[in-house]
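Content type mmCIF, C-alpha atoms, from the file model_31.cif:
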```
data_protein
loop_
_atom_site.label_atom_id
_atom_site.label_comp_id
_atom_site.auth_asym_id
_atom_site.auth_seq_id
_atom_site.Cartn_x
_atom_site.Cartn_y
_atom_site.Cartn_z
CA MET Z 484 62.11 46.63 79.20
CA LYS Z 485 64.26 49.63 78.54
CA THR Z 486 63.85 51.14 81.96
CA LEU Z 487 67.42 50.61 83.04
CA THR Z 488 68.38 53.33 80.67
CA ARG Z 489 65.83 55.72 82.02
CA GLU Z 490 67.49 58.21 84.21
CA THR Z 491 65.85 59.66 87.26
CA ARG Z 492 66.22 63.36 87.53
CA ASP Z 493 65.98 64.31 91.15
CA ALA Z 494 65.61 68.03 90.89
CA ASP Z 495 63.32 68.22 93.90
CA ARG Z 496 65.67 66.42 96.20
CA VAL Z 497 67.44 68.66 98.64
CA GLN Z 498 71.10 68.37 97.99
CA THR Z 499 73.67 68.99 100.61
CA GLU Z 500 76.50 67.65 98.54
CA GLN Z 501 77.22 68.70 95.00
CA PHE Z 502 77.76 65.99 92.43
CA ILE Z 503 78.60 65.87 88.79
CA THR Z 504 77.15 63.40 86.32
CA PRO Z 505 79.82 61.15 84.84
CA PRO Z 506 79.41 59.57 81.39
CA ALA Z 507 77.87 56.12 81.48
CA SER Z 508 77.26 53.37 78.95
CA VAL Z 509 74.65 50.66 79.20
CA SER Z 510 74.68 47.47 77.20
CA ASP Z 511 72.61 44.32 76.99
CA THR Z 512 74.43 41.11 77.76
CA ALA Z 513 73.37 37.51 77.45
CA ASP Z 514 71.94 37.38 80.96
CA GLY Z 515 71.29 40.96 81.90
CA TYR Z 516 72.80 44.38 81.59
CA MET Z 517 76.22 45.90 81.94
CA LEU Z 518 76.65 49.44 83.13
CA GLU Z 519 79.94 51.30 82.83
CA ILE Z 520 80.52 54.63 84.52
CA GLU Z 521 83.65 56.74 84.28
CA MET Z 522 84.88 57.80 87.68
CA PRO Z 523 88.51 58.85 87.50
CA GLY Z 524 90.20 59.10 90.88
CA VAL Z 525 87.69 56.88 92.65
CA LYS Z 526 88.96 53.82 94.47
CA LYS Z 527 86.96 50.81 95.63
CA ASP Z 528 86.40 52.37 99.06
CA GLY Z 529 84.98 55.51 97.54
CA LEU Z 530 82.11 53.67 95.82
CA ASP Z 531 78.67 53.73 97.31
CA ILE Z 532 76.09 51.72 95.38
CA SER Z 533 72.57 51.39 96.68
CA VAL Z 534 69.16 50.24 95.50
CA GLU Z 535 66.13 51.85 97.02
CA ASN Z 536 62.58 51.78 95.67
CA ASN Z 537 63.86 50.11 92.53
CA GLU Z 538 66.21 52.99 92.00
CA LEU Z 539 69.90 52.33 91.59
CA THR Z 540 72.20 55.07 92.83
CA ILE Z 541 75.93 55.03 92.31
CA ILE Z 542 78.08 57.54 94.14
CA GLY Z 543 81.82 57.71 93.62
CA ARG Z 544 83.98 59.78 95.90
CA ARG Z 545 87.41 60.79 94.73
CA SER Z 546 90.27 59.84 96.97
CA VAL Z 547 93.14 61.23 95.01
CA PRO Z 548 95.13 63.72 97.05
CA ALA Z 549 95.42 67.16 95.54
CA ALA Z 550 98.68 67.72 93.74
CA GLU Z 551 101.09 70.01 95.45
CA GLY Z 552 102.03 73.39 94.14
CA THR Z 553 100.17 76.26 92.58
CA VAL Z 554 97.55 75.69 89.93
CA ILE Z 555 98.57 76.93 86.51
CA HIS Z 556 95.79 75.36 84.53
CA CYS Z 557 92.72 73.53 85.80
CA GLU Z 558 89.98 71.71 83.90
CA SER Z 559 89.07 68.99 86.37
CA ARG Z 560 86.13 69.33 88.72
CA PRO Z 561 86.42 68.74 92.44
CA GLU Z 562 82.89 67.36 92.90
CA ASN Z 563 82.18 63.70 93.41
CA PHE Z 564 80.20 61.61 90.94
CA ARG Z 565 76.62 60.44 91.08
CA ARG Z 566 74.32 58.64 88.67
CA THR Z 567 70.84 57.30 89.29
CA PHE Z 568 68.98 54.76 87.21
CA GLU Z 569 65.61 53.14 87.45
CA LEU Z 570 66.01 49.39 87.52
CA ASP Z 571 64.27 47.22 85.02
CA PRO Z 572 61.88 44.92 86.95
CA SER Z 573 63.60 41.91 85.40
CA ILE Z 574 66.84 42.65 87.23
CA ASP Z 575 67.65 40.69 90.34
CA ALA Z 576 68.80 43.47 92.67
CA ASN Z 577 70.43 40.97 95.03
CA LYS Z 578 72.80 39.79 92.34
CA ILE Z 579 74.18 43.12 91.19
CA SER Z 580 77.96 43.13 91.34
CA ALA Z 581 80.47 45.91 90.79
CA LYS Z 582 84.14 46.41 90.18
CA ILE Z 583 86.29 49.43 89.54
CA ASP Z 584 89.46 49.38 87.50
CA GLN Z 585 91.45 52.46 86.49
CA GLY Z 586 88.56 54.76 87.26
CA LEU Z 587 86.04 52.80 85.24
CA MET Z 588 83.27 51.23 87.26
CA THR Z 589 81.58 48.21 85.76
CA LEU Z 590 78.30 47.03 87.16
CA THR Z 591 76.84 43.67 86.20
CA LEU Z 592 73.07 43.49 86.55
CA PRO Z 593 71.84 39.96 85.96
CA LYS Z 594 68.22 39.24 85.18
CA ALA Z 595 66.27 37.21 87.68
CA GLU Z 596 66.12 33.48 86.94
CA HIS Z 597 62.39 33.51 86.32
CA VAL Z 598 62.58 35.99 83.46
CA LYS Z 599 65.40 34.28 81.59
CA PRO Z 600 64.36 32.46 78.45
CA ARG Z 601 64.03 28.80 79.15
CA LYS Z 602 63.94 25.81 76.86
CA ILE Z 603 61.39 23.25 77.76
CA ALA Z 604 62.22 19.78 76.69
CA VAL Z 605 59.44 17.82 75.10
CA ALA Z 606 59.15 14.54 76.85
CA MET Y 570 68.86 62.66 79.34
CA ASN Y 571 65.47 61.49 78.29
CA LEU Y 572 65.17 63.48 75.15
CA ILE Y 573 62.48 62.08 72.98
CA ARG Y 574 63.59 61.85 69.43
CA TYR Y 575 61.31 63.34 66.87
CA HIS Y 576 60.17 60.69 64.47
CA ALA Y 577 59.76 62.19 61.07
CA PRO Y 578 57.02 60.67 58.96
CA ASP Y 579 58.51 58.25 56.49
CA ALA Y 580 59.09 60.42 53.47
CA THR Y 581 60.29 57.60 51.21
CA SER Y 582 56.77 56.28 50.93
CA TRP Y 583 55.93 59.46 49.14
CA PRO Y 584 57.74 59.30 45.81
CA ALA Y 585 57.57 63.00 45.14
CA LEU Y 586 59.46 63.69 48.33
CA ASP Y 587 62.07 61.02 47.76
CA ARG Y 588 64.87 63.35 46.77
CA TRP Y 589 64.26 65.40 49.88
CA SER Y 590 64.86 62.48 52.15
CA ASN Y 591 68.59 62.48 51.45
CA LEU Y 592 68.77 66.12 52.27
CA ARG Y 593 66.74 65.52 55.37
CA ASP Y 594 69.08 62.75 56.51
CA GLU Y 595 72.07 64.92 55.91
CA LEU Y 596 70.60 67.76 57.85
CA ASN Y 597 69.64 65.40 60.63
CA SER Y 598 73.12 63.98 60.91
CA PHE Y 599 74.51 67.47 60.90
CA PHE Y 600 72.45 68.30 63.93
CA GLU Y 601 72.67 64.99 65.68
CA LEU Y 602 76.37 64.25 65.52
CA PRO Y 603 77.83 67.17 67.41
CA LEU Y 604 74.90 67.19 69.78
CA SER Y 605 75.01 63.58 70.79
CA SER Y 606 78.70 63.81 71.55
CA SER Y 607 78.24 66.91 73.62
CA PHE Y 608 75.39 65.71 75.78
CA GLY Y 609 77.41 63.56 78.12
CA ARG Y 610 79.91 66.20 79.08
CA GLY Y 611 80.12 69.86 78.43
CA GLY Y 612 82.44 71.75 76.21
CA GLN Y 613 83.30 69.16 73.63
CA LEU Y 614 81.05 70.21 70.87
CA PHE Y 615 83.36 69.34 68.00
CA THR Y 616 86.42 67.91 69.62
CA GLY Y 617 85.28 64.43 70.54
CA TRP Y 618 87.09 63.35 73.65
CA SER Y 619 89.00 66.00 75.50
CA PRO Y 620 90.07 64.64 78.87
CA ALA Y 621 90.40 67.15 81.69
CA LEU Y 622 93.97 68.31 82.17
CA ASP Y 623 95.40 70.15 85.17
CA LEU Y 624 98.86 71.62 85.50
CA TYR Y 625 100.56 72.43 88.79
CA GLU Y 626 103.82 74.14 89.53
CA SER Y 627 105.91 73.74 92.64
CA GLY Y 628 109.45 74.72 93.55
CA ASP Y 629 111.38 72.20 91.53
CA HIS Y 630 108.87 70.52 89.28
CA LEU Y 631 105.71 70.78 87.23
CA MET Y 632 102.98 68.20 87.40
CA ALA Y 633 100.34 67.47 84.80
CA VAL Y 634 97.26 65.50 85.90
CA VAL Y 635 94.93 64.06 83.27
CA GLU Y 636 91.67 62.19 83.85
CA LEU Y 637 91.73 59.11 81.66
CA PRO Y 638 89.27 56.60 83.08
CA GLY Y 639 89.33 53.05 81.82
CA MET Y 640 92.44 53.12 79.67
CA ARG Y 641 95.24 50.65 79.40
CA LYS Y 642 98.67 51.95 80.32
CA GLU Y 643 100.11 50.94 76.99
CA ASP Y 644 97.50 52.96 75.09
CA VAL Y 645 98.62 56.25 76.61
CA ASP Y 646 101.42 58.26 75.00
CA VAL Y 647 103.29 61.06 76.72
CA SER Y 648 105.73 63.17 74.75
CA LEU Y 649 107.65 66.40 75.15
CA HIS Y 650 108.45 68.59 72.23
CA ASP Y 651 109.54 72.22 72.03
CA GLY Y 652 108.46 73.04 75.55
CA ALA Y 653 105.03 71.53 75.08
CA LEU Y 654 103.73 68.42 76.76
CA THR Y 655 101.50 66.24 74.62
CA ILE Y 656 99.38 63.43 75.93
CA SER Y 657 97.61 61.29 73.42
CA GLY Y 658 96.12 57.87 73.21
CA GLU Y 659 93.36 55.68 72.05
CA ARG Y 660 90.57 54.01 73.91
CA LYS Y 661 89.65 50.87 72.09
CA ARG Y 662 86.23 49.41 71.99
CA GLU Y 663 86.11 46.52 74.38
CA SER Y 664 85.71 43.14 72.75
CA THR Y 665 82.02 42.51 72.80
CA ASN Y 666 80.66 39.15 73.78
CA GLY Y 667 77.37 39.63 72.06
CA GLU Y 668 76.72 42.78 74.04
CA LYS Y 669 74.40 45.29 72.52
CA ALA Y 670 74.85 48.91 73.39
CA GLN Y 671 71.74 50.64 74.68
CA ARG Y 672 73.21 53.94 75.63
CA THR Y 673 76.72 55.07 74.85
CA GLU Y 674 78.06 58.16 76.50
CA ARG Y 675 81.60 56.94 76.94
CA TYR Y 676 83.84 58.09 74.15
CA VAL Y 677 85.77 55.50 72.18
CA GLY Y 678 88.62 56.57 69.96
CA THR Y 679 91.64 58.79 70.03
CA PHE Y 680 92.37 61.92 71.98
CA ARG Y 681 95.22 64.39 72.02
CA ARG Y 682 95.95 67.10 74.53
CA SER Y 683 98.82 69.56 74.40
CA ILE Y 684 99.89 72.19 76.85
CA SER Y 685 102.84 74.51 76.66
CA LEU Y 686 104.92 74.44 79.80
CA PRO Y 687 105.66 77.69 81.62
CA THR Y 688 109.26 76.76 82.42
CA ARG Y 689 111.96 74.64 80.93
CA VAL Y 690 112.02 71.07 82.14
CA ASP Y 691 114.61 68.34 82.22
CA ALA Y 692 113.22 66.02 79.56
CA SER Y 693 115.38 63.10 80.65
CA LYS Y 694 113.87 63.04 84.14
CA VAL Y 695 110.19 63.14 83.25
CA THR Y 696 108.19 60.34 84.88
CA ALA Y 697 104.56 59.31 84.60
CA THR Y 698 102.21 57.13 86.62
CA TYR Y 699 98.73 55.89 85.83
CA GLU Y 700 96.54 54.96 88.75
CA ASP Y 701 92.76 54.93 89.34
CA GLY Y 702 92.26 56.31 85.86
CA ILE Y 703 94.44 59.35 86.48
CA LEU Y 704 97.65 60.00 84.63
CA LYS Y 705 100.23 62.03 86.50
CA VAL Y 706 103.27 63.34 84.69
CA THR Y 707 106.03 64.77 86.84
CA LEU Y 708 108.37 67.12 85.01
CA PRO Y 709 111.41 68.24 87.01
CA LYS Y 710 112.44 71.76 86.11
CA ALA Y 711 115.67 72.33 84.29
CA GLU Y 712 118.48 73.58 86.52
CA GLU Y 713 118.30 77.12 85.19
CA ALA Y 714 114.55 77.32 85.78
CA LYS Y 715 114.69 76.33 89.45
CA PRO Y 716 114.24 79.09 91.98
CA LYS Y 717 117.51 80.10 93.55
CA GLN Y 718 118.09 81.74 96.83
CA ILE Y 719 120.89 84.22 96.72
CA LYS Y 720 122.55 84.96 99.97
CA VAL Y 721 123.29 88.54 100.73
CA SER Y 722 126.80 88.66 102.05
#
```
Could I get this file's structure written as structure tokens?
Amino acid sequence: MKTLTRETRDADRVQTEQFITPPASVSDTADGYMLEIEMPGVKKDGLDISVENNELTIIGRRSVPAAEGTVIHCESRPENFRRTFELDPSIDANKISAKIDQGLMTLTLPKAEHVKPRKIAVA
Amino acid sequence: MNLIRYHAPDATSWPALDRWSNLRDELNSFFELPLSSSFGRGGQLFTGWSPALDLYESGDHLMAVVELPGMRKEDVDVSLHDGALTISGERKRESTNGEKAQRTERYVGTFRRSISLPTRVDASKVTATYEDGILKVTLPKAEEAKPKQIKVS
């Protein structure tokens, strides 16, 4: 049941684009999971979220124009962001929703109806 | 990320080893604390949250760019003192509606970054914007620091 937190390391995959791994937090909610990923400089259009073979991949591409002038001090990285997670089988992949606000992407991953706890009334 | 934690055998069930368990816990926390906070991002072994800061210089102004994802505008503080720009703030834990954290890599708490500016700036004209999780502070140079073209007559 903890598979959402398992991260897929895709070392074998041929990479044409370089990515960095942004910090992410996962929490359990009443009806599923919530995933938060820090992607400063990424707007809604720069998000690319896909599910393939039960693997959730989130790519965030920065769209912030480079500041003008000469660089005096630089700590930021130019690469885009990518995180990959294996989805828990209880998650309904069709109902995943995402939003991004001030560079923080929040993904809501609801559990499928059939795995939710259900109260059965005694007739 | 999938480090498997070593589960030490329960020493408390062994009375003779009881007094060692405190020491063991202390040693464990000594190793675990700085490590767990440094796993998510590099270079923050003991500093907690240290958001990336860039500084640019152009003809008539300096610009500081800081990555602060998921903050509220009112929780960010920008100040100028003695030729140094300081950006500080606090990220508060979101109100939890019965959520249980499974994995926490995002840092919650305060941060403080300072950088000394290479030229004098006009403190009264400093402006800042916060958009897409990026704070941009524009610092117009003081008159005497601006480049001047001198005409040869």
Exercise. Any idea what the distance is between CA of Val690 (chain Y) and CA of Pro620 (chain Y)?
Worked result: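 According to the coordinates, CA of Val690 (chain Y) and CA of Pro620 (chain Y) are separated by 23.1 Å.
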Problem set entry | Using only C-alpha atoms: which of Y:Glu636, Y:Glu674, Y:Glu700, Y:Glu626 has the shortest distance to Lys715 (chain Y) |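 Of Y:Glu636, Y:Glu674, Y:Glu700, Y:Glu626, the one nearest Lys715 (chain Y) is Y:Glu626, counting only C-alpha atoms.
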For this session: Please write the residues picked by the PyMOL selection byres ((chain Y and resi 655) around 9) on this file as a ChimeraX atom specification.
Result: /Y:646-650,653-654,656-657,681-685
On this structure, the PyMOL selection byres ((chain Z) within 6 of (chain Y)) would catch which residues? List them as a short mmCIF file (atom, residue, chain, number, x, y, z; two decimals) with C-alpha atoms, in the frame of the given file, sorted by chain and number.
```
data_model
loop_
_atom_site.label_atom_id
_atom_site.label_comp_id
_atom_site.auth_asym_id
_atom_site.auth_seq_id
_atom_site.Cartn_x
_atom_site.Cartn_y
_atom_site.Cartn_z
CA PRO Z 506 79.41 59.57 81.39
CA ALA Z 507 77.87 56.12 81.48
CA SER Z 508 77.26 53.37 78.95
CA VAL Z 509 74.65 50.66 79.20
CA SER Z 510 74.68 47.47 77.20
CA ASP Z 511 72.61 44.32 76.99
CA THR Z 512 74.43 41.11 77.76
CA GLU Z 521 83.65 56.74 84.28
CA PRO Z 523 88.51 58.85 87.50
CA GLY Z 524 90.20 59.10 90.88
CA GLY Z 552 102.03 73.39 94.14
CA THR Z 553 100.17 76.26 92.58
CA VAL Z 554 97.55 75.69 89.93
CA ILE Z 555 98.57 76.93 86.51
CA HIS Z 556 95.79 75.36 84.53
CA CYS Z 557 92.72 73.53 85.80
CA GLU Z 558 89.98 71.71 83.90
CA SER Z 559 89.07 68.99 86.37
CA GLN Z 585 91.45 52.46 86.49
CA GLY Z 586 88.56 54.76 87.26
CA LEU Z 587 86.04 52.80 85.24
#
```
For this session: Work out how far apart CA of Gly678 (chain Y) and CA of Arg660 (chain Y) are and give it in Å to one decimal.
Result: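 One can read the CA of Gly678 (chain Y) to CA of Arg660 (chain Y) distance as 5.1 Å.
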Problem set entry | Polymer residues at most 12 Å from (73.0, 53.9, 96.1) by all atoms listed in the file, as an MDAnalysis selection string | chainID Z and resid 530:543 564:570 576 579
Please, what is the axis-aligned box for every listed atom of region 669-687 of chain Y with 6 Å on each side, as centre and edge lengths in Å to one decimal, as lines of an AutoDock Vina configuration file?
```
center_x = 88.7
center_y = 61.5
center_z = 75.8
size_x = 45.9
size_y = 44.4
size_z = 23.7
```
For this session: Would you work out the distance separating CA of Ile719 (chain Y) from CA of Glu551 (chain Z), expressed in Å to one decimal?
Result: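 Taking CA of Ile719 (chain Y) and CA of Glu551 (chain Z), their separation equals 24.4 Å.
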Exercise. Could you pull the residues within 9 Å of Ala692 (chain Y), counting all atoms listed in the file, minus those fewer than 5 positions along the same chain, as an MDAnalysis selection string?
Worked result: chainID Y and resid 649 708:711
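Residue neighbourhood of Lys594 (chain Z), excluding near-sequence residues (fewer than 2 positions): Asp514, Gly515, Ser573, Ile574 and Asp575 of chain Z, at 6 Å, using all atoms listed in the file.
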Problem set entry | Output of the PyMOL selection byres ((chain Z and resi 545) around 8), listed as a list in words |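 Output of the PyMOL selection byres ((chain Z and resi 545) around 8): Pro523, Gly524, Val525, Lys526, Gly529, Gly543, Arg544, Ser546, Val547 and Asn563 of chain Z.
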